[in-house]
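Notes for the one structure printed next.
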Amino acid sequence: MRENPKSRSQESSARLDAALTAAVEHRWPVVPGTVLCGGRCSCGDPDCPVPGAHPHDPSLLAATTDARMVRWWWERQSPDAPVLAATGSTVSAVSLPAAAGARALVHLGALRLPLGPVLAMPGRYALLVAPYSLDVLGEMLSQLPWVPGSLRYHGPGGFLPLPPGGAAGRVRWVLTPRPSADGGVWLPQVGPLLGELVDATVRLESGRSAH
C-alpha cells in the first residue's frame, strides 16, 4: 500500500507544531528522536532496545527551546522524527503501566490532589511533575516499604515522547498542559503523588483492585 503524501505532510506539520509548542510555550527543551528505517532503528544498532523512540543524532544534550533550531530540525533534517522532551531542567515525570496509571488518576482525583499534564504512551502513563533531583527522589523512595520495578523516573538525563508520537507508537494527552502564572506549564511536586502511584502499581501487579 502506498503512503498518502498528504497524510505524511499533515503528520510532519503536526510534529513541528508540537515541537514548537513544547519548546516555546511550555519551555521544555526538545530534540528529534530516532525513526524506523525498514523496520530498524535509525541509530544503526540492530539490537536497539527502544527502536524509533530515543535520541541519537542529535544527542539529548542538544535539546533546546530555540524556535529557529526546532524549525530547522523538523522542517529540514528530521520531519518524520518523534518529538522528545528532555527531562530534568524544566520538567520531570514518573511513568507506570497504563492500567495502573488510569486507576491512579481516578484515585488522585477523588483525593483532590492537583494534577499536571498526563501522557498516554504505548503501554504506559506518565505524570509530568516539577523537576526533582535524583538524590531527593531517592530519599522519598527510601521511606516507602517497597517500590515496584515497573515504575520509571524521568528526571535529569531522561526524556519523554510527546504527542503525536511516531513510528514506535502514538502518544496523546490524557490531561493537557495548562499555563502557570509565571509562564510555562504548571507542574505539581512529585512528593504528594509518589505514594499513590506506587500503591496503584503494587495493587495492579498483585492482582488486586487499585481501590
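Residues in the C-alpha cells are numbered from 1 in each chain, the chains being A, B, ... in the order shown, and ligands are numbered from 1 in the order shown.
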
Please identify which residues in region 117-165 of chain A DSSP calls helix (DSSP H, G or I) from the backbone, and express them as an MDAnalysis selection string.
chainID A and resid 134:142

Which parts of region 17-187 of chain A does DSSP call strand (DSSP E) when run on the backbone here, written out as a PyMOL selection string?
chain A and resi 30-32+36-37+40-41+83-87+92-97+118-121+124-129+152-154+158-162+165-166+169-170+172-175

Mind writing the picked residues with C-alpha atoms as a PDB file, in the first residue's frame?
```pdb
ATOM      1  CA  VAL A  30      13.141  19.251  22.793  1.00  0.00           C
ATOM      2  CA  VAL A  31      15.152  17.133  20.395  1.00  0.00           C
ATOM      3  CA  PRO A  32      14.194  14.830  17.480  1.00  0.00           C
ATOM      4  CA  LEU A  36      12.353   3.343  11.893  1.00  0.00           C
ATOM      5  CA  CYS A  37      14.019   2.586   8.576  1.00  0.00           C
ATOM      6  CA  ARG A  40      15.185  -0.987  12.099  1.00  0.00           C
ATOM      7  CA  CYS A  41      16.127   1.936  14.297  1.00  0.00           C
ATOM      8  CA  VAL A  83       9.297  14.954  19.467  1.00  0.00           C
ATOM      9  CA  LEU A  84      11.241  14.170  22.637  1.00  0.00           C
ATOM     10  CA  ALA A  85      11.297  16.479  25.659  1.00  0.00           C
ATOM     11  CA  ALA A  86      14.479  16.409  27.735  1.00  0.00           C
ATOM     12  CA  THR A  87      13.602  15.979  31.399  1.00  0.00           C
ATOM     13  CA  SER A  92      10.260  15.697  35.022  1.00  0.00           C
ATOM     14  CA  ALA A  93       7.879  12.748  35.202  1.00  0.00           C
ATOM     15  CA  VAL A  94       7.045   9.403  36.754  1.00  0.00           C
ATOM     16  CA  SER A  95       5.586   6.723  34.474  1.00  0.00           C
ATOM     17  CA  LEU A  96       3.809   3.477  35.261  1.00  0.00           C
ATOM     18  CA  PRO A  97       1.871   0.769  33.406  1.00  0.00           C
ATOM     19  CA  VAL A 118      -0.520  13.339  31.880  1.00  0.00           C
ATOM     20  CA  LEU A 119       0.713  11.456  28.809  1.00  0.00           C
ATOM     21  CA  ALA A 120      -0.583   8.164  27.449  1.00  0.00           C
ATOM     22  CA  MET A 121       2.317   6.396  25.758  1.00  0.00           C
ATOM     23  CA  ARG A 124       2.279   3.435  29.909  1.00  0.00           C
ATOM     24  CA  TYR A 125       1.010   6.619  31.534  1.00  0.00           C
ATOM     25  CA  ALA A 126       3.429   9.398  32.502  1.00  0.00           C
ATOM     26  CA  LEU A 127       2.531  12.031  35.092  1.00  0.00           C
ATOM     27  CA  LEU A 128       4.549  15.179  34.478  1.00  0.00           C
ATOM     28  CA  VAL A 129       5.857  16.914  37.585  1.00  0.00           C
ATOM     29  CA  ARG A 152      10.130   4.625  35.839  1.00  0.00           C
ATOM     30  CA  TYR A 153      11.587   8.008  36.688  1.00  0.00           C
ATOM     31  CA  HIS A 154      12.182  10.628  34.014  1.00  0.00           C
ATOM     32  CA  GLY A 158      15.957  11.459  30.760  1.00  0.00           C
ATOM     33  CA  PHE A 159      13.367  12.182  28.095  1.00  0.00           C
ATOM     34  CA  LEU A 160       9.687  11.800  27.255  1.00  0.00           C
ATOM     35  CA  PRO A 161       7.977  11.332  23.882  1.00  0.00           C
ATOM     36  CA  LEU A 162       5.354  13.987  23.191  1.00  0.00           C
ATOM     37  CA  GLY A 165       4.417  10.195  18.843  1.00  0.00           C
ATOM     38  CA  GLY A 166       5.979   8.370  15.903  1.00  0.00           C
ATOM     39  CA  GLY A 169       3.679   4.267  18.826  1.00  0.00           C
ATOM     40  CA  ARG A 170       1.153   7.028  19.256  1.00  0.00           C
ATOM     41  CA  ARG A 172      -1.629  11.519  23.432  1.00  0.00           C
ATOM     42  CA  TRP A 173      -2.514  13.854  26.263  1.00  0.00           C
ATOM     43  CA  VAL A 174      -4.815  12.417  28.939  1.00  0.00           C
ATOM     44  CA  LEU A 175      -4.613  15.725  30.805  1.00  0.00           C
TER      45      LEU A 175
END
```

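Across A:Gly52, A:Gly183, A:Pro82, A:Gly101, the tightest approach to Trp28 (chain A) is made by A:Gly183 when counting only C-alpha atoms.
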
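If you measure from each of A:Gly109, A:Pro148, A:Pro117, A:Pro164 to Glu11 (chain A) using only C-alpha atoms, the closest one turns out to be A:Pro164.
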
How many Å lie between CA of Gly155 (chain A) and CA of Arg203 (chain A), rounded to one decimal?
24.6 Å

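Using only C-alpha atoms, the smallest distance between any of A:Val50, A:Ala110, A:Ala23, A:Ala100 and Ala168 (chain A) comes from A:Val50.
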
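For Leu137 (chain A), the non-local neighbours within 10 Å, defined as residues at least 2 positions apart in the same chain or in other chains and counting only C-alpha atoms, are Tyr132, Ser133, Leu134, Asp135, Glu139, Met140, Leu141, Ser142, Tyr153, Gly155, Val190, Gly191 and Leu194 of chain A.
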
Just all heavy atoms for this one: save the residues we selected as an mmCIF file, in the first residue's frame.
```
data_model
loop_
_atom_site.group_PDB
_atom_site.id
_atom_site.type_symbol
_atom_site.label_atom_id
_atom_site.label_comp_id
_atom_site.auth_asym_id
_atom_site.auth_seq_id
_atom_site.Cartn_x
_atom_site.Cartn_y
_atom_site.Cartn_z
ATOM 1 N N TYR A 132 12.897 17.320 39.742
ATOM 2 C CA TYR A 132 13.393 16.795 41.013
ATOM 3 C C TYR A 132 14.808 16.276 40.800
ATOM 4 O O TYR A 132 15.185 15.897 39.696
ATOM 5 C CB TYR A 132 12.492 15.679 41.553
ATOM 6 C CG TYR A 132 12.221 14.552 40.571
ATOM 7 C CD1 TYR A 132 13.196 13.601 40.249
ATOM 8 C CD2 TYR A 132 10.962 14.431 39.966
ATOM 9 C CE1 TYR A 132 12.934 12.571 39.360
ATOM 10 C CE2 TYR A 132 10.699 13.401 39.070
ATOM 11 C CZ TYR A 132 11.679 12.471 38.777
ATOM 12 O OH TYR A 132 11.413 11.449 37.888
ATOM 13 N N SER A 133 15.578 16.270 41.870
ATOM 14 C CA SER A 133 16.921 15.698 41.790
ATOM 15 C C SER A 133 16.831 14.215 42.116
ATOM 16 O O SER A 133 15.917 13.759 42.813
ATOM 17 C CB SER A 133 17.865 16.397 42.766
ATOM 18 O OG SER A 133 17.548 16.038 44.099
ATOM 19 N N LEU A 134 17.789 13.461 41.636
ATOM 20 C CA LEU A 134 17.803 12.030 41.912
ATOM 21 C C LEU A 134 18.036 11.760 43.399
ATOM 22 O O LEU A 134 17.524 10.773 43.940
ATOM 23 C CB LEU A 134 18.873 11.347 41.061
ATOM 24 C CG LEU A 134 18.633 11.415 39.543
ATOM 25 C CD1 LEU A 134 19.748 10.680 38.794
ATOM 26 C CD2 LEU A 134 17.270 10.833 39.174
ATOM 27 N N ASP A 135 18.778 12.634 44.062
ATOM 28 C CA ASP A 135 19.007 12.467 45.492
ATOM 29 C C ASP A 135 17.707 12.622 46.277
ATOM 30 O O ASP A 135 17.400 11.818 47.162
ATOM 31 C CB ASP A 135 20.031 13.489 45.994
ATOM 32 C CG ASP A 135 21.448 13.171 45.532
ATOM 33 O OD1 ASP A 135 21.685 12.012 45.122
ATOM 34 O OD2 ASP A 135 22.303 14.073 45.561
ATOM 35 N N GLU A 139 15.601 9.733 48.398
ATOM 36 C CA GLU A 139 15.200 9.866 49.793
ATOM 37 C C GLU A 139 13.721 9.559 49.967
ATOM 38 O O GLU A 139 13.320 8.885 50.924
ATOM 39 C CB GLU A 139 15.506 11.278 50.295
ATOM 40 C CG GLU A 139 16.999 11.569 50.452
ATOM 41 C CD GLU A 139 17.257 12.985 50.905
ATOM 42 O OE1 GLU A 139 16.264 13.706 51.187
ATOM 43 O OE2 GLU A 139 18.433 13.391 50.962
ATOM 44 N N MET A 140 12.889 10.049 49.044
ATOM 45 C CA MET A 140 11.450 9.794 49.137
ATOM 46 C C MET A 140 11.153 8.315 48.948
ATOM 47 O O MET A 140 10.328 7.729 49.663
ATOM 48 C CB MET A 140 10.700 10.648 48.111
ATOM 49 C CG MET A 140 10.674 12.122 48.445
ATOM 50 S SD MET A 140 9.615 13.090 47.337
ATOM 51 C CE MET A 140 10.599 13.085 45.832
ATOM 52 N N LEU A 141 11.816 7.676 47.981
ATOM 53 C CA LEU A 141 11.569 6.259 47.719
ATOM 54 C C LEU A 141 12.039 5.388 48.880
ATOM 55 O O LEU A 141 11.435 4.350 49.166
ATOM 56 C CB LEU A 141 12.274 5.840 46.426
ATOM 57 C CG LEU A 141 11.728 6.448 45.136
ATOM 58 C CD1 LEU A 141 12.596 6.043 43.951
ATOM 59 C CD2 LEU A 141 10.284 6.027 44.899
ATOM 60 N N SER A 142 13.108 5.812 49.552
ATOM 61 C CA SER A 142 13.637 5.016 50.666
ATOM 62 C C SER A 142 12.673 4.967 51.847
ATOM 63 O O SER A 142 12.781 4.081 52.701
ATOM 64 C CB SER A 142 14.991 5.578 51.117
ATOM 65 O OG SER A 142 14.831 6.849 51.737
ATOM 66 N N TYR A 153 11.385 6.631 36.255
ATOM 67 C CA TYR A 153 11.587 8.008 36.688
ATOM 68 C C TYR A 153 12.300 8.774 35.585
ATOM 69 O O TYR A 153 13.390 8.396 35.159
ATOM 70 C CB TYR A 153 12.378 8.031 37.993
ATOM 71 C CG TYR A 153 11.817 7.045 38.990
ATOM 72 C CD1 TYR A 153 12.415 5.793 39.154
ATOM 73 C CD2 TYR A 153 10.657 7.326 39.697
ATOM 74 C CE1 TYR A 153 11.875 4.865 40.020
ATOM 75 C CE2 TYR A 153 10.108 6.406 40.560
ATOM 76 C CZ TYR A 153 10.719 5.170 40.718
ATOM 77 O OH TYR A 153 10.175 4.245 41.574
ATOM 78 N N GLY A 155 13.875 11.946 35.088
ATOM 79 C CA GLY A 155 14.456 13.124 35.706
ATOM 80 C C GLY A 155 15.672 13.588 34.937
ATOM 81 O O GLY A 155 15.691 13.535 33.701
ATOM 82 N N VAL A 190 6.500 16.128 42.960
ATOM 83 C CA VAL A 190 6.356 14.680 42.853
ATOM 84 C C VAL A 190 5.989 14.045 44.195
ATOM 85 O O VAL A 190 5.299 13.014 44.232
ATOM 86 C CB VAL A 190 7.662 14.041 42.295
ATOM 87 C CG1 VAL A 190 8.808 14.189 43.282
ATOM 88 C CG2 VAL A 190 7.442 12.589 41.920
ATOM 89 N N GLY A 191 6.410 14.647 45.318
ATOM 90 C CA GLY A 191 6.218 14.035 46.624
ATOM 91 C C GLY A 191 4.802 13.602 46.951
ATOM 92 O O GLY A 191 4.571 12.437 47.301
ATOM 93 N N LEU A 194 3.738 10.490 44.745
ATOM 94 C CA LEU A 194 4.560 9.298 44.613
ATOM 95 C C LEU A 194 3.970 8.083 45.319
ATOM 96 O O LEU A 194 3.905 6.988 44.746
ATOM 97 C CB LEU A 194 5.969 9.588 45.145
ATOM 98 C CG LEU A 194 7.044 8.562 44.798
ATOM 99 C CD1 LEU A 194 7.146 8.387 43.285
ATOM 100 C CD2 LEU A 194 8.387 9.002 45.366
#
```

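Comparing the minimum interatomic distances between Trp72 (chain A) and each of A:Ala19, A:Ser180, A:Glu205, A:Ala200, counting only C-alpha atoms, we find that A:Ala19 sits nearest.
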
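We find CA of Gly44 (chain A) and CA of Leu61 (chain A) to be spaced 19.4 Å apart.
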
What lies within 10 Å of Leu20 (chain A) using only C-alpha atoms, ignoring chain neighbours under 6 positions off, as a PyMOL selection string?
chain A and resi 14+26-30+65-71+74+83

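Each of A:Ala104, A:Leu151, A:Ala181, A:Ala62 was checked against Leu193 (chain A) using only C-alpha atoms; the smallest atom-to-atom distance is that of A:Ala104.
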
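Closest approach to Leu204 (chain A) among A:Ala98, A:His54, A:Thr176, A:Thr64: A:Ala98, based on only C-alpha atoms.
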
Tell me, in Å to one decimal, how far CA of Val24 (chain A) is from CA of Val185 (chain A).
11.0 Å
